[in-house]
Structures are given as structure tokens and as C-alpha cells.
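First comes the structure, then the notes that go with it.
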Amino acid sequence: MSQMNQSGFSPTIVASQTRLNRRTLLRGAGLAMGLPLLEAMTPLSRSVFASTPDVADVASPVRMAFLFVPNGVIMPKWRCEGSGDQWELSPTLSSLSPVKSKLNVISGLAHDNGEGKQDGAGDHARAAATFLTSARPLKTSSRVKLGVSVDQIAATQLSGKTRMPSIELGLTPSRGAGSCDSGYSCAYSSNISWRSETQPMAKETIPRLAFERMFGSGDAHLRRETNLVRQSILDVVAEDARRLMTKVGDTDRRKLDEYFSGIREVELRIQRTEEQDEQALPDIDVPYGRVDSFKEHARLMLDLMAIGFQTDTTRVATFMLDNAGGNRSYVDVGVKEAHHGLSHHREQAETVAKIEKIDKYLVEQYAYFLEKLDSIKEPGGSILDNSMILYGSGLSDGNRHRHNDLPILLAGGAGGRIRTNRHVVCKDDTPMGNLFLSMLDHMGTPADSIGDSVGRLVEL
Amino acid sequence: MIGSLAVTRFAIMLVFAFGHVVGADEPNVVLDQAREVENRWQESGWALLEKYCIECHNRDFQEAELDLTSMQDDSTAADNAMVWKRVLQMVRFGAMPPDDAILPSEAERRALVDSIDRSLYHVACDLRPKAGRVTARRLNRAEYRNSIRDLFGLDFRVADDFPSDEVGGGFDNNADVLSMPPMLLEKYIESAEKIASLAILDPSELKSAEQERSGDGIGVVGDSKTESFYGRILSDDAFAWVEFDLTQAGKYRVRFQGSAWNDKGDSKAYAIYDKQGTPLYAGEFEPKRGGDNHSATFSQEFEAGKHFFIVAPLEQIPKDFDNDNPASLGTFAKISKFDESAIDAGRKQFGTPLVVDRDVESADLGLMVRRFEIVGPTEFAKSQYPPSQSMIVRRIPQLKDERYRDVDDAAKECLKPLMERMFRGPVDDETIGRYVKLVEAATGRGQSFHRGIQIALTALLISPRFLFRVELPDENAKPESEGDYRLSSVQLATRLSYFLWSSTPDDELLRVAREGKLHNEKDLRRQVDRMLLDPKATSLATEFAAQWLGLRNLQGIQRDTERFPSFNAGLLDSMVDETEQLFTHLLKENRPAGELIDADYTFINSSLAKFYGLAWEDQKPESQLPDGFRRVSLASTPRRGVLTHASVLTLTSYPTRTSPVQRGKWILENVLGTPPPDPPPNVPELDATKAAAGASIREQLALHRENPACASCHRVMDQLGFGFEQFDAIGQFRSTENIDATGELPGGRKFAGGQELAGILRSTESTRFATTVTEKLLGFALGRELSPNDRCVTDQIVAAGEARDYRLGDLVKSVVASRPFQYFQPETVNSVTPPVKVESSK
């Protein structure tokens, strides 16, 4: 148990509006946290690295997560020197050096279904649509049709094992209807996770709501918000009463005291309900409402994913750092212009340099996530050791809208099944679907094919 | 332990009460008067008592166990107040001495009464009495409901499920007894949340949706090409159309995107029509290629339902064309092609992927149609918003990129005037700031500004500064010589409106108050006149009169419908209305208060007419009133005044029979202001068997008078009750039975029946009645029980009203002008009344 409490969650939140007190993680009856699963682990004679077929039962479960960034990257700065076990991190990936040993850089993958072919324009929509599905999206702005994504293939098979089959997070809201890219429905640009051909998995962009979905119960979040509001109101009027009481005489004071006591009673009752609630909540401060700063927002979501894995609330997660064709300005790294606009750099050096900064910055968030996962120890090493965390984009060259030679990173050992610290070079235009099939195998949730896959990824 | 301050105060009271002070030094004026009073007592009061009373009430013979010899020394009056008061009551009403004793003359009786009165209540009235203090007063149910009604225009009965208010001194607005149990506070919180959501509508909760049609969501009639980004390029005689389903009526914003598809630089004109071909908008697009386009926007009101927009290329826009009058373009020539089959065909195609025409990238073609977008409703009908909305939300902060700017400034602009109204006085910036923070917290949480204001309003509604009326001296106020303070003009306005309206001051009153004018007698009078004529003044009937006359006790009264077939619960409401309307009439018309006793008219509706047996149709209504009530004459009936109202007659009866005792008591309390003393302890039970079977009420009650312990009070009480014996337990006149309704009041005042009794009371007890009314009015206005100090005030008011026969409006105005109403005595640590030096013994 003690290893749980040292996770040291302290996300830097600018404006925390909650009144949740810090509590040690998972105090209470360990409700629905999957705690028993982990506790049941015997400190072991049996090595976790043993390859038994029912790995999922005794050892730590395998997790998978997929992080998407839009508009491709500057490939010259992304490509790593060397290959196989002898390789170096490229400039864009330099922030990953603390976890290099747990990382695999994969090059040569492609999504053929992202190419224009007969459909004409719409590369961004296609890039996001194919990213986890390898399927070709129907070009329409209304009745969408695509394919199932890798995370959902796993989630469906894992259904029932965890509180939530999967979580889908993002920073930019989805738009269900309308056309976002040249006639493609916005559903394609705003989702990477698809439960079925026609059903995207809507992502949650407000941290508090994601938190409530993962750890709350029923409409507890509504009640919590009502109580929060009531608490703040009671604070204000209690102050009114206090001030009045300093000015009046004894008889009046007694009258006002009745009022004051009544206020206190209501406050105490609210606090008591909150306390009971909080028994079931993990120790993390999540503010209400939207979070303005990109970095805070992203890290909050990554923290939630990490806690979700740690508590075994879920084992499958996807996270879009922006929608396809995303146009955020990354002022944190001194880039005031919009991302998508810059990505059509037409080889101008100044513009390219700005994109490089953005690429590097986004990778830093990935690094943060990996380091966090690596810091949580469990049987098998750390969560990272037991996971497969993929990071990449559906485009390589954002200027020319290339859908091959995709920038893909895969961190984590999947519980010892994947050898890390390699630059895995695949044959040109290897379908990324092959990677997905291999990942599904390691997850214990195999599939025959996905999208345009032709087999497993032997290079892995 | 009694502090020295309390002792000093007590000593001063004794000075005022008895003219003696135990251990006093002599402030000359006070003690001179005190001596004077003492002498007077010996000469007048005691002399008479000795003459007429001591024979039976002395140490050896204590009739009714009353020994009055101690009254010789009137300095003991405070300790024996109960005895003194009882003697006063008995002698005043003529119940004592009993008829079979030697009786004093009228003049002697009056002298004795005055003497006892003075000793009991003597106040140095020329030294202005102190104003007295009122505890912090919680708004009672009626005041809360009315204040909400007048602040927000919301008339919903929030307070109906509040627990009922405690009653003190006969009224439920008595500051000392009104309490705030936690359960009540919770109800206030719930009701505050409800009120806030009704008073302010949050537009962000109203669903404004955005719909968009592009690419394969656009229908085309005629020839067209599709370019790589799914734009539709129309041939000159084709047209495109889209369909939207609007769920709400309202104003919408329509945006059309497209371009002219050529490299020559030629613009392309177009027009947008509705399903009927009526032009809605016309414009021109310049050339743009590829994924780019221009856009045009227009706003319009639409009903809910399906709407079609057609866009077609135009040769050219006519000269002098203005989009303010698009109809000038004329109906769309090809509208006949937009028939049901075209619509059907188009609908079937929606969602089917288009085939991109490869050879259009550089071709020079016509109008390119990219997309239609409709957003709204962007505005809501004014009628949807509650009236309080514009009063409260005076400014909305700017919304930029989904974030508000200047929330605090906008919130302050909204909250400051609201808080000044709700807190009934000036509010400092620091306090406003705390409520502004609630709004900022809400917007910080991602909620709308309106929601933030709702939250702030909820807080205001449970603030003690709203729920309680606390009177504190202003910063710079200085106490008067008695240690009391003059109420500020604004504080006076609050007292005034809760007295006359049981509600918060209105704009006009506040305006006058803020100009300081309420300290000016003429302006004050003018406001009171205005307020009395305002419909809200009916609260004096429903809150004041109803409680004073005990009408609230009618709630839930039941009667045996077999015995009283004409009785039903709805009738009770009408009965109460009748009495309240009579009172309101007297108030508005400034009639003499005594008319309440013997008015030869009343106010009834058709069910009361039936009940009373007054022919409704025949009555020439003297005037028409709301709720179907009319003023009718009682001249030809045996009824006069409130004592013959069904309301009073019913509430002073038992379920199955009348109770002359209760009726007599009612008159003693509410008309004559002399509530009978409680029965002495060990009253022997009235042995029912002593009365003969089938004895009338009168005969049964005769037993009361056989026992001397009972007789002294019951002699008068029962007589009064008998006078109305002809009216049964629900107030109907018993013309068929042979009922003896005769009687005699002390002083030889004989009567037969209610009408005569009412007349006698009016003519002989009008001062008494006026005093009762005034005392009740003052108690209600101040929200506290009256103290001996206040006797002076009521005496003054009654004396002033005598000349005009105690008109009701005049009495009200005098109460408003009185010192206790205009001044107050705060209870703070620093309020030390300048001590009148009183030490040393007698």
C-alpha cells in the first residue's frame, strides 16, 4: 500500500476552486478502484517476466494509450540517427532522454488510406480518421463511415474488467456536425477513437467532468457543484452577520446569533456530505470549468490518465492534444502564429523553425507523461514498464500532406513483451495497422485485421 | 447581578411612575412633580377608595380575597401592579362596586379612575419620553412575501410552507418573539435559490444552436460541377438549396459562403430566396479558388419549423438595390422548379459522397457555393424575460473568445443598486466586493455571467441584512438628550413601508427619503397619504386588523353542517374579506374609527348576501369593488358594524352554540381595551347539573353570577355577550326563535339587541375605543409591546384625534409622527443615557 501514497501528485493548478482536502490516495474501502487486483499480487517467487498465457490475471495488467498531435512534424529534425539498438535521440525528441531506455522510435509506417486518391482535398480530416483506424473515411459532411479504432478493439474485449472500458480525452471540443475540412464531417477531425464504423467516441475536454466521469458516481458532480456554490454563499452571508454583530447590543446579538448558528449548521452538514464523498476520491485537485493555459490543461489530462491507470479505473486511453488541422498558438514557446497556418511553411526557414519549436514542446508533454508513469511503481517495475504509450501524427510532412513515413513513438514494455530502447526501422510504407495488431496481441486482446493491415509488425 | 446602569434606569422609572425615588437626590423638576402626584393620590384616589371599596376589601373582610388597604401608599403600585390594574379595570368598567353597594357618582368614578391611572402610569409627559428600543426584527412571512413581490415583481407564495411566526403582543411582527430556528433558515435558502432562478433568466441556458450545410448537404437543381474541396459551382441557370429545421422561433443569423470561380477577376452576383421564392438577400462575391471563399451574413426572424434557402446566380444586382428591402428584387423566376419532387430528390442525395470534377481547378466558371450556416436564436423576445431582469442585470461584461472581461465592474454595476434596495440603506464597497467575488467565482468556473448574478442574488436573499431589520445610528449621528437617536430619513422610510404596506419601500418613497425629505412634516404627510391610497395598504387590513380582531383564528374553523347547513369553508374566506374591506374603507376614506362599531353599511359578495339573507340583485350597490364585493346598506337589517359581522360572531362561538362569554370578552379586549383578568385560581367548576334541563344560555350563565368570585367580571362580560345572542354560532340572525337579547351596562345603559348595544358602545365608549385602536396601531407599527412610557404617546394621539372624532387615517398619521416611531434607542455598549443624577433615599 505504501507505494501508492508516494505518487506525489501535485499538479500545479492556477486557480483551484475546490474545497477538496488533500487525502492520502485511496483512503477508505478502496471502492471500485481495482485495488484488490493489485493487492492480490504476491511478492513474488514468480517472475513477472514469465510468459504465461494468463498474464493479465496475476501480473500487473497491460495498458495502452495513444497521443495524437496534428499537422505533422518537421521530419528532418524528428528523424533519429542510427537504427536498432544503436541510435540517438533527434533534436525534437531530446526531452525524452530520461526515458530513452524505455522508448522505441518507429519509422517507415504509413496510412495509405489517408492519401487523397479520388476524394481530393481533406488531408487533415483523413489524417485524424486513419490515425488509429487505418480505414478510409467516407467523404461526407453528414453520414459518416470509417472503421473501428485499435483502442476500441481492445476496450471492447476488456469490457467488464475495469470500471470504464476506455477514456477519450482532448483539449479542443469536438464538433459533431458540419464540415471541418473540405467536405469531410467534423467528426473525422475531432475524434481518433471510433467504436464502430459510424460511431466516434466523444472526448472529454473539461478536466472536472472527466474526473467526475472517472471517479464520481451518478450526478454527484452536480451535487458537489451545488454544495460548492452554497458554501461560498454561506461564507459571504456569515460575514455579513459577523459584521452586524459587532455593531449591535446584546439583545440584537442574541437574535443574530440564532441566525448565525443556523448558517453554521447548514455549512457543517454540507461539509459532512463532502467528507463522505471524498472517501472515494483519489488525491488530486481538479478545478472546475475550463482551463485556459495549454500546459496546465494538457498536464491535468495526462495526470488523470495516469491516475486512471494507477487505480485500474481503465486500461485504454486516447488523448488528442489538438484536433486535426488544429490552429492553436503556442505562446509558451514564443510562437504567436497559429499552428496549422505555420505548418504550410513552404520551406521558409523562419516558419520551419517555429514549427520545430512547437514539435519539441508537444513532445515535452509526452515526456512528462512517460516520466509520471515511470514514477509509479508496481509489480513488473513501473506502470510505464507495463504499458504501450504511443505518440504520433497522421501526417509526416504537414506542408505537403504526406501520409507515409509517419512520426511514431512507442514507449513502454507491455509487461516485458516489447524490447525497448530501439530505433525500429520498418520497410517503407508498412501499414501502421500492422503495428496495431501487434499491440493488440500484447494487450491480450488480439484481432485479425484492422483497416488496411496485412499482418503483425515483425520488426517489433 | 444588576449593573449600576440598570439600577439607575430602574430608579428613573420609579421616579416617573410614582413620584418617589428610593434614595434619590433631587433633580428639582422631577421630584416636584412626583410630590405633586403623591399628594393628589392621598386627596383623590385614596379618599374615594376608602369611601367605596375598603369596607369589603380590607384586611379583615377580603371579598374575592382582595385586600386593598395596601393601596394607600401609591409608591407600592409597581410591586402591586396587577392589583392596581385590576382595580382600575373594574372601577372603570363599572363592574365594581357591585350594584347592591353604595355607588359613586359618575364624576367620582371618573376621578377615581383618573387617579389610579395616573399613579400607575404617570409619566412626566412634558419631559419627552424615551423612544424605547426595538430588537433586531426578522421579516415575518407576510413581510418576506411582500418584499419579494415588490422587489422583483414575483408574486409566488414562497413563504407558504414556512413555519408560522411567533406571536407577541397580539401580532406576528413582534421583534422580541420572532426567532430564526435552523429549519426556517434552510427554507429561506431553498426559497432564495428558487427566487433567483425566477428573477433572472440565464440566456446561456436557452439553447442557441448552430447548423451548417456544405458539400453533399447542399442540393442542386440544374447543372453544376464539384471542385476538390466539395464546393458546388453552379451553371448560370442552376440553383442550389439547403434545408434547416429550426426548433425555436426567434432571430437567427444566416451566413452564406461562396465565391466567383474564375481567374478573370469578375465578381459574381447571387440572390438568396426562401421556399416561396421571396428574396431574402442579394450580394456579390469576388473570385476565390481552392478551399477559400468569401462570406456574407444577414439576420432575420424565423418561426419554428423547416426552412429552405435557395441561392441562385444573378445577372447583376439592380442599381439602388438595398438589402433592407430585398423584396424589390422580385420573386425568384425559377421557383416553380423548386417543387416537392426536386426537394425529395435532393433529400435522397444528402450524405452521398460527391464526385469531384477534376477539370475545374483552373476553369472559369460561375457561382461557387461552399456552405450555409444558421445560428440562433441569437435574441429572445423581450416578453420571455421577467420584469426583474432588466432591473437587476444592468450591464453584461464583454465576451471575447468565450472569456469575460471586466466581470467585476459589470457585476458591481448590477449589484450596487440592488443591494441598496435589498439592504434598505447605503452599502459600503467592501461588502459589495464580497458579493462581486461570488460572480467572479462563477465565471471563473466557466459559468455564465447571469448565473453568477443569480448566485449573488441567492446570497443577498439570505443575508441577515435583508432578512432582519436592524436599526443602527449613522456614523455621524448624535443622540438626543434622552439618549435616543432620530431615525435617518431612509430608516424612517423602511419603518413606514413595513407599517403601512408590510413591505419594502418603493422607488418613490426611497427617492423622497434619499433627499432627506421625510424629516419634513409636510412631505412625510404627503407620503403617508399616498401610501394609504395605494392598493398595497390593504396589508393594514390583512396583517394589522386581521390580527387585532382575531380573524386569523377563523382559519380551519369547522362547524356541524347538519346544524348549520349554510356553512362552508369558502364562506369563511368571504367573512374575513368582509371585515377587512370595512377596515380598508374606513382607512382610505379616513372615517372615524368608531364607525367600525356601528357602521350601517358593509361589504359583501354574492355568497355572503345569500348567507345574510340580503337580496343581492335588489341591493343597489353603492359602489363596485374587486373580487365581486359591493358596498351595501344595512339600514333595514338588525346588523351594525363589525360586532355583527359573521366573522366576529363565528370566531366567538363554540362549534355547536354561541358563547356570550367569548363575545363579551372579545368586546372587552378589542373594543374597550380592557381584557378581563384571568379567572382567579381555584375557581369552582360550574356545576352543570345545577341548571335546569333545557335552560337557555342566559339561565345557565346566571350561575356565573351567583358566585361572587365570578360575578364581578361576568356581570359585564355576559351582558355584552347577551346583546348579540340573536346571532347564532355562525353569525346568522335568529329571527324565528324567541331570544332575550336585552341587557344593561354599568351606568344604567340599557339595550335590547345588537344594534342598540353597538350604538351605545359607539356613543359612550368612543374614546376608549380610539385608545384601543391607537395602542394596537402603535404596537404593530413599532413591532414591540408597549411600555408604561408609551402611555403618554397614546394619550397624546387620542387627545389630538378627539376633535375630529378619531378618524382612522389621522390616528395612523399621528402614530407615524410620534416620538417612538421617529426615534429609536440603540442598545450598544456606548449608549449611555446621560444619567439623571438620582441617588439618596426618600
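In the C-alpha cells, the first chain shown is A, the next is B, and so on; residue numbers restart at 1 for each chain, and ligands run from 1 in the order shown.
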Write down, as JSON, numbers by chain, each residue of chain B that has any atom within 6 Å of an atom of chain A, counting only C-alpha atoms.
-> {"B": [135, 136, 180, 182, 212, 215, 228, 229, 230, 351, 353, 445, 446, 459, 463, 464, 827, 828]}
Excluding A:Ala154 and any residue of its chain fewer than 5 positions from it, enumerate the residues within 10 Å of it, using only C-alpha atoms, and give them as a CSV table (one decimal) with C-alpha atoms, in the first residue's frame.
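What ended up in around-v3.csv:
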chain,number,residue,atom,x,y,z
A,63,ARG,CA,-2.2,-0.6,-20.5
A,64,MET,CA,-2.3,1.2,-23.8
A,149,SER,CA,-10.0,2.0,-33.9
A,159,SER,CA,-15.2,-4.8,-21.1
A,165,PRO,CA,-13.6,0.3,-20.8
A,166,SER,CA,-11.7,3.3,-22.1
A,315,ARG,CA,-6.6,0.4,-19.2
A,316,VAL,CA,-7.2,2.1,-22.5
A,439,MET,CA,-0.1,-4.1,-29.9
A,440,LEU,CA,-3.4,-5.8,-29.6
A,441,ASP,CA,-1.6,-9.1,-29.2
A,443,MET,CA,-2.6,-6.4,-24.8
A,444,GLY,CA,-4.2,-9.8,-24.7
A,445,THR,CA,-7.0,-8.6,-27.0
A,446,PRO,CA,-6.0,-9.8,-30.4
A,447,ALA,CA,-7.7,-9.1,-33.7
Quick one: DSSP strand (DSSP E) residues in stretch 300-377 of chain B, as a PyMOL selection string?
-> chain B and resi 300-302+305-314+367-377
Those same residues, written as a short mmCIF file (atom, residue, chain, number, x, y, z; two decimals), in the first residue's frame with N, CA and C atoms?
data_model
loop_
_atom_site.label_atom_id
_atom_site.label_comp_id
_atom_site.auth_asym_id
_atom_site.auth_seq_id
_atom_site.Cartn_x
_atom_site.Cartn_y
_atom_site.Cartn_z
N GLN B 300 -32.43 37.50 -39.59
CA GLN B 300 -33.87 37.55 -39.83
C GLN B 300 -34.59 36.78 -38.75
N GLU B 301 -35.86 37.11 -38.57
CA GLU B 301 -36.68 36.36 -37.64
C GLU B 301 -37.34 35.20 -38.37
N PHE B 302 -37.33 34.05 -37.73
CA PHE B 302 -37.97 32.88 -38.32
C PHE B 302 -38.88 32.22 -37.31
N GLY B 305 -39.69 25.48 -37.25
CA GLY B 305 -40.12 24.59 -38.34
C GLY B 305 -39.05 24.49 -39.40
N LYS B 306 -39.39 23.87 -40.52
CA LYS B 306 -38.43 23.67 -41.61
C LYS B 306 -38.33 24.94 -42.46
N HIS B 307 -37.10 25.26 -42.81
CA HIS B 307 -36.85 26.42 -43.66
C HIS B 307 -35.90 26.06 -44.77
N PHE B 308 -36.18 26.60 -45.95
CA PHE B 308 -35.33 26.35 -47.10
C PHE B 308 -34.67 27.65 -47.53
N PHE B 309 -33.44 27.55 -47.95
CA PHE B 309 -32.77 28.70 -48.55
C PHE B 309 -32.30 28.30 -49.94
N ILE B 310 -32.63 29.12 -50.90
CA ILE B 310 -32.22 28.89 -52.28
C ILE B 310 -31.23 29.97 -52.66
N VAL B 311 -30.13 29.56 -53.27
CA VAL B 311 -29.22 30.58 -53.77
C VAL B 311 -29.03 30.38 -55.27
N ALA B 312 -29.16 31.45 -56.00
CA ALA B 312 -29.05 31.35 -57.46
C ALA B 312 -28.20 32.50 -57.98
N PRO B 313 -27.50 32.23 -59.07
CA PRO B 313 -26.70 33.32 -59.66
C PRO B 313 -27.63 34.38 -60.23
N LEU B 314 -27.17 35.62 -60.15
CA LEU B 314 -27.92 36.74 -60.71
C LEU B 314 -27.12 37.37 -61.84
N LEU B 367 -20.89 30.81 -60.18
CA LEU B 367 -21.00 30.99 -58.75
C LEU B 367 -20.63 29.69 -58.04
N MET B 368 -19.71 29.78 -57.09
CA MET B 368 -19.35 28.61 -56.29
C MET B 368 -20.04 28.73 -54.95
N VAL B 369 -20.75 27.66 -54.60
CA VAL B 369 -21.48 27.65 -53.33
C VAL B 369 -20.76 26.72 -52.36
N ARG B 370 -20.25 27.26 -51.28
CA ARG B 370 -19.47 26.45 -50.33
C ARG B 370 -20.36 25.95 -49.19
N ARG B 371 -21.03 26.90 -48.55
CA ARG B 371 -21.67 26.47 -47.30
C ARG B 371 -22.72 27.45 -46.82
N PHE B 372 -23.75 26.94 -46.16
CA PHE B 372 -24.75 27.75 -45.46
C PHE B 372 -24.67 27.44 -43.97
N GLU B 373 -24.80 28.49 -43.19
CA GLU B 373 -24.74 28.29 -41.75
C GLU B 373 -25.85 29.11 -41.12
N ILE B 374 -26.52 28.57 -40.14
CA ILE B 374 -27.55 29.36 -39.45
C ILE B 374 -27.33 29.23 -37.94
N VAL B 375 -27.31 30.36 -37.27
CA VAL B 375 -27.05 30.37 -35.83
C VAL B 375 -28.21 31.07 -35.11
N GLY B 376 -28.67 30.46 -34.06
CA GLY B 376 -29.67 31.17 -33.28
C GLY B 376 -30.56 30.25 -32.50
N PRO B 377 -31.60 30.70 -31.86
CA PRO B 377 -31.96 32.12 -31.87
C PRO B 377 -30.90 32.97 -31.18
#
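Coordinates place atom CA of B:Tyr823 at a distance of 5.4 Å from atom CA of B:Tyr485.
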If you run DSSP on this backbone, which residues of stretch 293-368 of chain A come out as alpha helix (DSSP H), and could you give them as a PyMOL selection string?
-> chain A and resi 294-310+339-343+349-368
Only C-alpha atoms, please: the residues just picked out, written as an mmCIF file, in the first residue's frame.
data_model
loop_
_atom_site.group_PDB
_atom_site.id
_atom_site.type_symbol
_atom_site.label_atom_id
_atom_site.label_comp_id
_atom_site.auth_asym_id
_atom_site.auth_seq_id
_atom_site.Cartn_x
_atom_site.Cartn_y
_atom_site.Cartn_z
ATOM 1 C CA PHE A 294 -2.409 24.813 -22.639
ATOM 2 C CA LYS A 295 0.257 23.314 -20.449
ATOM 3 C CA GLU A 296 -1.926 23.158 -17.351
ATOM 4 C CA HIS A 297 -4.760 21.712 -19.323
ATOM 5 C CA ALA A 298 -2.645 19.078 -21.019
ATOM 6 C CA ARG A 299 -0.873 18.037 -17.863
ATOM 7 C CA LEU A 300 -4.134 17.806 -15.956
ATOM 8 C CA MET A 301 -5.449 15.412 -18.566
ATOM 9 C CA LEU A 302 -2.252 13.388 -18.526
ATOM 10 C CA ASP A 303 -2.433 13.214 -14.743
ATOM 11 C CA LEU A 304 -5.970 11.937 -14.990
ATOM 12 C CA MET A 305 -4.884 9.265 -17.429
ATOM 13 C CA ALA A 306 -2.053 8.248 -15.134
ATOM 14 C CA ILE A 307 -4.338 8.046 -12.152
ATOM 15 C CA GLY A 308 -6.822 6.152 -14.247
ATOM 16 C CA PHE A 309 -4.172 3.553 -14.997
ATOM 17 C CA GLN A 310 -2.873 3.514 -11.467
ATOM 18 C CA HIS A 339 -0.180 26.008 -35.793
ATOM 19 C CA HIS A 340 -1.946 24.893 -38.935
ATOM 20 C CA GLY A 341 -1.149 28.076 -40.781
ATOM 21 C CA LEU A 342 2.525 27.701 -39.930
ATOM 22 C CA SER A 343 2.581 24.061 -40.945
ATOM 23 C CA ALA A 349 13.380 28.807 -42.705
ATOM 24 C CA GLU A 350 11.789 31.113 -40.190
ATOM 25 C CA THR A 351 8.488 29.307 -40.340
ATOM 26 C CA VAL A 352 10.142 25.919 -40.176
ATOM 27 C CA ALA A 353 11.997 26.961 -37.062
ATOM 28 C CA LYS A 354 8.749 27.899 -35.388
ATOM 29 C CA ILE A 355 7.193 24.558 -36.176
ATOM 30 C CA GLU A 356 10.257 22.848 -34.773
ATOM 31 C CA LYS A 357 9.734 24.693 -31.518
ATOM 32 C CA ILE A 358 6.127 23.535 -31.423
ATOM 33 C CA ASP A 359 7.073 19.952 -32.201
ATOM 34 C CA LYS A 360 9.592 19.933 -29.403
ATOM 35 C CA TYR A 361 7.131 21.484 -26.967
ATOM 36 C CA LEU A 362 4.489 18.897 -27.691
ATOM 37 C CA VAL A 363 6.987 16.082 -27.242
ATOM 38 C CA GLU A 364 7.837 17.547 -23.850
ATOM 39 C CA GLN A 365 4.265 16.854 -22.736
ATOM 40 C CA TYR A 366 4.701 13.265 -23.845
ATOM 41 C CA ALA A 367 7.927 13.134 -21.852
ATOM 42 C CA TYR A 368 6.078 14.433 -18.798
#
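For the pair atom CA of B:Val648 and atom CA of B:Phe93, the interatomic distance is 22.1 Å.
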